[in-house]
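This report refers to the structure that appears directly beneath it.
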Amino acid sequence: MPQYFENDPNIASHLREVFFVVGGRQFNFTTDSGVFSKSKIDEGSAIFLNELISLPLKGRILDLGCGYGVIGIVLASVFPSVRVDCVDVNDKALELTRTNALKNGVSSKLAVFRSDVYENVEGPYDSIVVNPPIRAGKAVIYKMFSDSWQYLIDGGSLFVVIRKNQGAVSASNYIKEQFGNIKLLCRNKGYHVYQATKMGK
């Protein structure tokens with residue numbers, strides 16, 4: 001069966017609209033078959049965004065594994081000065097992200113392009129945000145964590161949301177090994193949100 005982190009041009013299209021409210025703002029997203037959480041905004045992203053919009057984010061942000069663009073688009077809307085790069089390996093997800101950026105009025109603040117993890121990415125970024133594709137496997141998601149270091153500015157941060165029963169504690173230990181620090185920002189409904197900051201090695 002095709003996975004949401006793969007490209008499969010044979011998947012039949014089934015467009016739908018989903019609505020999402022965060023920080024008192026309503027967003028409207030077009031989704032389709034073959035992308036992650038096509039029926040509604042996933043709970044992890046919702047919890048992640050509620051935490052992220054409370055932070056003083058600025059500068060360049062990388063939404064790594066952006067899906068149909070929920071996290072990057074919300075951050076671009078909430079924070080007036082940021083620029084966001086939204087990347088994914090799923091071409092349909094990228095097409096939807098472009099559509100959704102236009103629909104939500106932030107297309108001028110987003111760059112949307114294909115990248116297998118950091119393959120086509122050029123930093124540095126002030127923040128990298130990751131809701132990891134758990135089904136892609138540990139090797140892929142841990143590369144998302146470890147390689148983020150070289151794409152961050154000094155003082156920049158990696159932000160991650162991950163469920164406790166999907167390896168949050170072991171992931172946080174691994175990230176701490178890479179960065180020398182990690183902060184648990186919140187625990188909510190089984191999800192953990194972490195921040196690790198590049199402070200020199």
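Please note that chains go A, B, ... in the order of the structure tokens, that every chain numbers its residues from 1, and that ligands are numbered from 1 in the order shown.
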Apply DSSP to the backbone of this structure and, from range 18-65 of chain A, keep only the residues in helix (DSSP H, G or I); write these as JSON, numbers by chain.
{"A": [43, 44, 45, 46, 47, 48, 49, 50, 51, 52]}
Would you list the contacts of Gln26 in chain A as a PyMOL selection string, taking every protein, DNA or RNA residue within 12 Å and counting only C-alpha atoms, but skipping same-chain residues closer than 3 positions in sequence?
chain A and resi 18-23+29+70+73-74+77-78+103-104
Restricting it to N, CA, C and O atoms, dump the selection as a short mmCIF file (atom, residue, chain, number, x, y, z; two decimals), in the first residue's frame.
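Okay, result33.cif is ready:
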data_model
loop_
_atom_site.label_atom_id
_atom_site.label_comp_id
_atom_site.auth_asym_id
_atom_site.auth_seq_id
_atom_site.Cartn_x
_atom_site.Cartn_y
_atom_site.Cartn_z
N VAL A 18 -10.70 21.05 4.59
CA VAL A 18 -10.71 20.92 6.05
C VAL A 18 -10.44 22.29 6.65
O VAL A 18 -9.70 23.10 6.08
N PHE A 19 -11.06 22.54 7.79
CA PHE A 19 -10.92 23.83 8.47
C PHE A 19 -10.22 23.62 9.81
O PHE A 19 -10.36 22.58 10.44
N PHE A 20 -9.49 24.64 10.22
CA PHE A 20 -8.69 24.54 11.43
C PHE A 20 -8.62 25.92 12.08
O PHE A 20 -8.37 26.92 11.40
N VAL A 21 -8.85 25.96 13.39
CA VAL A 21 -8.76 27.21 14.13
C VAL A 21 -7.64 27.10 15.14
O VAL A 21 -7.58 26.14 15.93
N VAL A 22 -6.74 28.07 15.14
CA VAL A 22 -5.65 28.11 16.11
C VAL A 22 -5.34 29.57 16.41
O VAL A 22 -5.33 30.41 15.50
N GLY A 23 -5.15 29.87 17.68
CA GLY A 23 -4.85 31.25 18.07
C GLY A 23 -5.93 32.23 17.66
O GLY A 23 -5.65 33.40 17.38
N PHE A 29 -7.88 24.45 4.38
CA PHE A 29 -6.90 23.67 3.62
C PHE A 29 -7.60 22.70 2.67
O PHE A 29 -8.57 22.05 3.03
N VAL A 70 0.22 22.63 6.56
CA VAL A 70 -0.47 23.20 7.73
C VAL A 70 0.47 24.01 8.62
O VAL A 70 0.20 25.19 8.91
N ILE A 73 2.22 27.15 6.87
CA ILE A 73 1.25 28.19 6.50
C ILE A 73 0.75 28.92 7.74
O ILE A 73 0.65 30.15 7.74
N VAL A 74 0.46 28.20 8.80
CA VAL A 74 0.01 28.86 10.04
C VAL A 74 1.11 29.76 10.59
O VAL A 74 0.86 30.92 10.97
N SER A 77 1.45 32.92 8.66
CA SER A 77 0.33 33.82 8.91
C SER A 77 0.44 34.51 10.26
O SER A 77 0.17 35.71 10.38
N VAL A 78 0.85 33.77 11.28
CA VAL A 78 0.88 34.30 12.65
C VAL A 78 2.05 35.26 12.86
O VAL A 78 1.91 36.27 13.55
N LYS A 103 -4.50 30.19 -0.84
CA LYS A 103 -5.84 30.26 -0.24
C LYS A 103 -5.81 31.00 1.09
O LYS A 103 -6.76 31.73 1.42
N ASN A 104 -4.72 30.82 1.86
CA ASN A 104 -4.62 31.45 3.17
C ASN A 104 -3.79 32.73 3.18
O ASN A 104 -3.45 33.26 4.24
#
Shell around range 108-125 of chain A at 6 Å using only C-alpha atoms, local window under 6 positions removed, as JSON, numbers by chain
{"A": [60, 61, 83, 84, 85, 86, 87, 88, 89, 151, 152, 153]}
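The residue that comes closest to Val106 in chain A, out of A:Ser81, A:Ser127, A:Ser13, A:Ser170 and on the basis of only C-alpha atoms, is A:Ser81.
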Hey, what's within 9 Å of range 156-166 of chain A if we count only C-alpha atoms and toss same-chain stuff fewer than 2 positions away? As number ranges by chain, please?
A: 44-45, 47-48, 52, 124-132, 134, 145, 148-149, 152-154, 168-169, 171, 189-199
Requested write-out: N, CA, C and O atoms of the selected residues, as a CSV table (one decimal), in the first residue's frame:
chain,number,residue,atom,x,y,z
A,44,GLY,N,-1.4,15.9,16.5
A,44,GLY,CA,0.0,16.3,16.8
A,44,GLY,C,0.3,17.6,16.2
A,44,GLY,O,0.9,18.5,16.9
A,45,SER,N,-0.1,17.9,15.0
A,45,SER,CA,0.1,19.2,14.4
A,45,SER,C,-0.7,20.3,15.2
A,45,SER,O,-0.1,21.4,15.4
A,47,ILE,N,-1.5,20.4,18.4
A,47,ILE,CA,-0.8,20.6,19.7
A,47,ILE,C,0.5,21.3,19.4
A,47,ILE,O,0.8,22.3,20.1
A,48,PHE,N,1.2,20.9,18.4
A,48,PHE,CA,2.5,21.5,18.0
A,48,PHE,C,2.3,23.0,17.7
A,48,PHE,O,3.0,23.9,18.3
A,52,LEU,N,3.9,26.4,19.3
A,52,LEU,CA,4.8,27.2,18.5
A,52,LEU,C,4.3,28.7,18.4
A,52,LEU,O,5.1,29.6,18.4
A,124,PRO,N,21.3,29.0,6.4
A,124,PRO,CA,20.8,28.5,7.7
A,124,PRO,C,19.4,29.0,8.0
A,124,PRO,O,19.0,30.0,7.5
A,125,TYR,N,18.8,28.3,9.0
A,125,TYR,CA,17.5,28.6,9.4
A,125,TYR,C,17.5,29.0,10.9
A,125,TYR,O,18.3,28.6,11.7
A,126,ASP,N,16.6,29.9,11.3
A,126,ASP,CA,16.4,30.3,12.7
A,126,ASP,C,15.7,29.2,13.4
A,126,ASP,O,16.0,28.9,14.6
A,127,SER,N,14.8,28.5,12.7
A,127,SER,CA,14.0,27.4,13.3
A,127,SER,C,13.7,26.3,12.3
A,127,SER,O,13.5,26.6,11.1
A,128,ILE,N,13.8,25.1,12.7
A,128,ILE,CA,13.4,23.9,11.9
A,128,ILE,C,12.3,23.2,12.7
A,128,ILE,O,12.4,22.9,13.9
A,129,VAL,N,11.1,23.0,12.1
A,129,VAL,CA,10.0,22.4,12.7
A,129,VAL,C,9.7,21.0,12.1
A,129,VAL,O,9.6,20.9,10.9
A,130,VAL,N,9.5,20.0,12.9
A,130,VAL,CA,9.3,18.7,12.4
A,130,VAL,C,8.2,17.9,13.2
A,130,VAL,O,8.3,17.8,14.4
A,131,ASN,N,7.2,17.5,12.4
A,131,ASN,CA,6.2,16.5,12.9
A,131,ASN,C,6.6,15.3,12.1
A,131,ASN,O,6.1,15.1,11.0
A,132,PRO,N,7.4,14.4,12.7
A,132,PRO,CA,8.1,13.4,11.8
A,132,PRO,C,7.1,12.3,11.3
A,132,PRO,O,6.1,11.9,12.0
A,134,ILE,N,6.3,9.1,11.2
A,134,ILE,CA,6.7,7.9,11.9
A,134,ILE,C,6.8,6.6,11.0
A,134,ILE,O,7.8,5.8,11.2
A,145,PHE,N,16.4,14.7,12.6
A,145,PHE,CA,16.8,15.3,13.9
A,145,PHE,C,18.3,15.7,13.8
A,145,PHE,O,18.7,16.8,14.1
A,148,SER,N,19.7,18.4,11.3
A,148,SER,CA,19.2,19.7,11.5
A,148,SER,C,20.3,20.7,12.0
A,148,SER,O,20.3,21.9,11.7
A,149,TRP,N,21.2,20.1,12.8
A,149,TRP,CA,22.3,20.9,13.4
A,149,TRP,C,23.0,21.8,12.4
A,149,TRP,O,23.2,23.0,12.6
A,152,LEU,N,21.0,25.0,11.0
A,152,LEU,CA,20.6,26.1,11.9
A,152,LEU,C,21.6,27.1,12.1
A,152,LEU,O,22.8,26.8,12.1
A,153,ILE,N,21.2,28.4,12.3
A,153,ILE,CA,22.1,29.4,12.8
A,153,ILE,C,22.5,29.1,14.2
A,153,ILE,O,21.9,28.3,14.9
A,154,ASP,N,23.6,29.7,14.7
A,154,ASP,CA,24.0,29.6,16.1
A,154,ASP,C,22.8,30.3,16.9
A,154,ASP,O,22.4,31.4,16.6
A,168,ALA,N,8.8,9.0,21.9
A,168,ALA,CA,9.1,10.4,22.3
A,168,ALA,C,10.4,10.4,23.2
A,168,ALA,O,11.3,11.3,23.0
A,169,VAL,N,10.4,9.6,24.2
A,169,VAL,CA,11.5,9.6,25.2
A,169,VAL,C,12.8,9.3,24.5
A,169,VAL,O,13.8,9.9,24.7
A,171,ALA,N,13.5,9.4,21.3
A,171,ALA,CA,13.9,10.5,20.4
A,171,ALA,C,14.5,11.7,21.1
A,171,ALA,O,15.4,12.3,20.6
A,189,LYS,N,-2.1,15.2,25.7
A,189,LYS,CA,-2.8,14.0,25.0
A,189,LYS,C,-1.8,13.0,24.5
A,189,LYS,O,-2.1,12.4,23.4
A,190,GLY,N,-0.8,12.8,25.2
A,190,GLY,CA,0.2,11.8,24.8
A,190,GLY,C,1.3,12.3,23.9
A,190,GLY,O,2.2,11.6,23.5
A,191,TYR,N,1.2,13.6,23.4
A,191,TYR,CA,2.2,14.2,22.6
A,191,TYR,C,3.2,15.0,23.4
A,191,TYR,O,2.8,15.7,24.3
A,192,HIS,N,4.5,14.9,23.0
A,192,HIS,CA,5.5,15.7,23.6
A,192,HIS,C,6.0,16.7,22.6
A,192,HIS,O,6.2,16.3,21.4
A,193,VAL,N,6.2,18.0,23.0
A,193,VAL,CA,6.8,19.0,22.1
A,193,VAL,C,8.2,19.4,22.7
A,193,VAL,O,8.2,19.7,23.8
A,194,TYR,N,9.2,19.2,21.9
A,194,TYR,CA,10.6,19.5,22.3
A,194,TYR,C,11.2,20.6,21.5
A,194,TYR,O,10.9,20.9,20.4
A,195,GLN,N,12.2,21.3,22.2
A,195,GLN,CA,13.0,22.3,21.6
A,195,GLN,C,14.5,22.0,21.9
A,195,GLN,O,14.8,21.7,23.1
A,196,ALA,N,15.3,21.9,20.9
A,196,ALA,CA,16.8,21.8,21.1
A,196,ALA,C,17.4,22.9,20.4
A,196,ALA,O,17.1,23.3,19.3
A,197,THR,N,18.4,23.6,21.1
A,197,THR,CA,19.0,24.8,20.5
A,197,THR,C,20.5,24.6,20.2
A,197,THR,O,21.2,24.0,21.0
A,198,LYS,N,20.9,25.1,19.1
A,198,LYS,CA,22.3,25.0,18.7
A,198,LYS,C,23.1,26.0,19.4
A,198,LYS,O,23.0,27.2,19.2
A,199,MET,N,23.9,25.5,20.3
A,199,MET,CA,24.7,26.4,21.2
A,199,MET,C,26.2,26.1,21.1
A,199,MET,O,27.0,26.5,22.0
